[in-house]
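Written out below as structure tokens is the structure these notes cover.
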Amino acid sequence: MVMPQIKEAVNVPDMPQSDNAVVVRGVSKTYGEVEALRDMSLEFPRGQLTSLLGPSGCGKTTLLKIIAGLLKPNSGEIEVNGKPVKGPGPDRAFVFQDFALMPWANVLRNVAFGLELRGVATSEREAIAEKYIAEVGLAGFEKSYPHQLSGGMRQRVGLARALSVDADVLLMDEPFSAVDEQTRRKFQEDLLNLVQHENKTFIFVTHSIEEAVYVSDQIAILLPRPSRVSEIIRPTDLRHKNVDNIRRDPEYLDIVDSIWASLRSYVE
Amino acid sequence: MTRRSLWLKIISAVVLFGAWQIAGMIPVSYAFPTFFESMAALFRMAGDGTLLTAYIETLRPLVVGVGISAFLGIGLGLWIGLSARFDWLFSPIFIVMQAAPLAALIPLLVMAYGIGLTSKVFVVCIMAMPVIVLNTASAVRNTPASLKEMGKSFMASDTKIMLRIIIPAASPVIFSGLRLGVSAGFIGAILAELKITPTGVGDIITYSRSIADYPAMYAAIFSIILLAVLFLNFLERLEVYLFEGNVRGYASD
């Protein structure tokens, strides 16, 4: 009966206040004259999936790239695991809308590329890459080149690459917008699985209301000009439902409707 | 697939050489020999060593010039593509070089550098370098932004982004610049031998024409074209070997 006590003792300092993996505080960003983000603050709870949802031009991708360290904000700060963000870091991995695969490299090298850049030895990084290639369902395609794969398979490669560096936070920039509807549904189901089984924090940019409600623990609705968080919605029950029943759930339908009601006036 | 392309190659060669043979037999001009006469002259010259000594002479400015153009050209092209200031400084030079009527400028080169190897290397470089530089620069400038961002997000250093992302991404256009540049270099090498001092293959062409040995003249021209085609094929193989996934099948090869 000693073990549980030790476990508790270890867990106590690990769980301070409400646990946020990423915190955005007062971030502003302008491109020349254009104000993309104004004084934006947002919290991303650890181990959950947060969607950034909004009409085009609301700065959701800009915010994601600032969190990734790819863009510098004009003011404000970002914290990942309590540490301020100065640039790209090993605690974050990015999944790109256009996949960003290297056409000259095969699937194995593409997936291992993040590790390659970190100087991990060939045999080790290929073993890790193979594991994640199998995990996203691409076993047998290690030697294929991106142009030999379908759009959906290419994004699986992009996802495997992001998973293989084992970052705490996964940043996904409209990852499913370039794949067809059926593949997209499959992706969404797989993503729910991933959130449940990988102990990672997901930040997910999308312009699809249904997609956001389906996959998210928390939805931040962003409105444009200047960009701001208008509302944060946390579906309460959906996560415990069977994936097949979510789209029929009254709560799902209500949330989709209410989001559309608040976004409608901003869509030209 | 490969069988079919092999057959196509053979058929197109037969058609071309057949047309040549017929044109020579009509004849379209007394200075135009038939295909078989030219080939006979080619084998004769290859047999008695004339061709070999000529090529040793011709290949020197060609290899040196193409080598310089490739290394310097790709290097400068990378630099121009990456830096706006360098673009502003150097691009005009190469655009002027590309547009310059080279044959008219050769006397100037001869005055400055004499009639030796230097002038001939210059001619090859002036022909070959601009297209290599300009292609490389535009390829580098057009590297997909998301690939560079991808490198950055995985914490690649600038050098690694350059070596592992920008250069491979630019390689198809760099190689097409190399192919164009190398063929221009071949033209430059022969032009130099015709315009500066008749040596090597240029000497065979000039001399055979002066004694009305037209089969030998066309044989020499044919041989240099053959060499250029073989070298371009080699470049293509090299590209496939280096960047396999970039190459989605060429029409030639």
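Ligands are numbered from 1 in the order shown, chains are lettered A, B, ... in the order of the structure tokens, and residues start at 1 in each chain.
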With only C-alpha atoms counted and 9 Å as the cut-off, give the residues of chain B in contact with chain A, each with its shortest interatomic distance in Å and the pair that gives it, as a Markdown table.
| residue | atom | partner | partner_atom | distance |
| --- | --- | --- | --- | --- |
| B:Pro144 | CA | A:Ala100 | CA | 8.4 |
| B:Ala145 | CA | A:Ala100 | CA | 8.9 |
| B:Ser146 | CA | A:Ala100 | CA | 5.7 |
| B:Leu147 | CA | A:Ala100 | CA | 5.2 |
| B:Lys148 | CA | A:Ala100 | CA | 8.7 |
| B:Glu149 | CA | A:Leu70 | CA | 7.1 |
| B:Met150 | CA | A:Ala100 | CA | 6.6 |
| B:Gly151 | CA | A:Gly114 | CA | 7.9 |
| B:Lys152 | CA | A:Pro88 | CA | 6.8 |
| B:Ser153 | CA | A:Pro88 | CA | 5.2 |
| B:Phe154 | CA | A:Gly114 | CA | 5.5 |
| B:Met155 | CA | A:Pro88 | CA | 5.9 |
| B:Ala156 | CA | A:Leu117 | CA | 5.7 |
| B:Ser157 | CA | A:Leu117 | CA | 8.4 |
| B:Lys160 | CA | A:Leu117 | CA | 7.6 |
| B:Ile165 | CA | A:Met102 | CA | 7.7 |
| B:Pro168 | CA | A:Trp104 | CA | 7.1 |
| B:Ala169 | CA | A:Met102 | CA | 7.6 |
| B:Leu242 | CA | A:Trp104 | CA | 8.8 |
| B:Phe243 | CA | A:Trp104 | CA | 5.2 |
| B:Glu244 | CA | A:Trp104 | CA | 5.9 |
| B:Gly245 | CA | A:Trp104 | CA | 4.0 |
| B:Asn246 | CA | A:Trp104 | CA | 4.6 |
| B:Val247 | CA | A:Trp104 | CA | 7.9 |
| B:Arg248 | CA | A:His147 | CA | 8.4 |
What's the 12 Å shell around range 28-43 of chain A, counting only C-alpha atoms, without same-chain residues fewer than 5 positions away, as an MDAnalysis selection string? chainID A and resid 18:23 48:52 56:67 71:82 201 203 218:232
Residues near Ser91 in chain B, anyone? I mean within 12 Å using only C-alpha atoms, not counting same-chain ones fewer than 5 positions away, as a PyMOL selection string. chain B and resi 73+76-81+83-86+96-98+129-138
Could you please write out, as a PyMOL selection string, every residue of range 10-227 of chain A that DSSP assigns to helix (DSSP H, G or I)? chain A and resi 10-14+60-68+107-117+122-135+146-148+151-164+181-197+209-215
For Val256 in chain A, the nearest of the candidates A:Gly26, A:His240, A:Glu124, A:Ser208, counting only C-alpha atoms: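 So, comparing all the options, the nearest one is A:Ser208.
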Residue with smallest distance to Val182 in chain B - pool B:Ala112, B:Ile166, B:Ala70, B:Ala99, counting only C-alpha atoms: B:Ala70
Which of range 184-252 of chain A fall in strand (DSSP E), as a list in words: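 Of range 184-252 of chain A, only Thr201, Phe202, Ile203, Phe204, Val205, Thr206, Gln218, Ile219, Ala220, Ile221, Leu222, Leu223, Arg228, Val229, Ser230, Glu231, Ile232 and Ile233 of chain A fall in strand (DSSP E).
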How many Å separate CA of Glu142 in chain A from CA of Pro175 in chain A?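 Value for the CA of Glu142 in chain A-CA of Pro175 in chain A distance: 21.2 Å.
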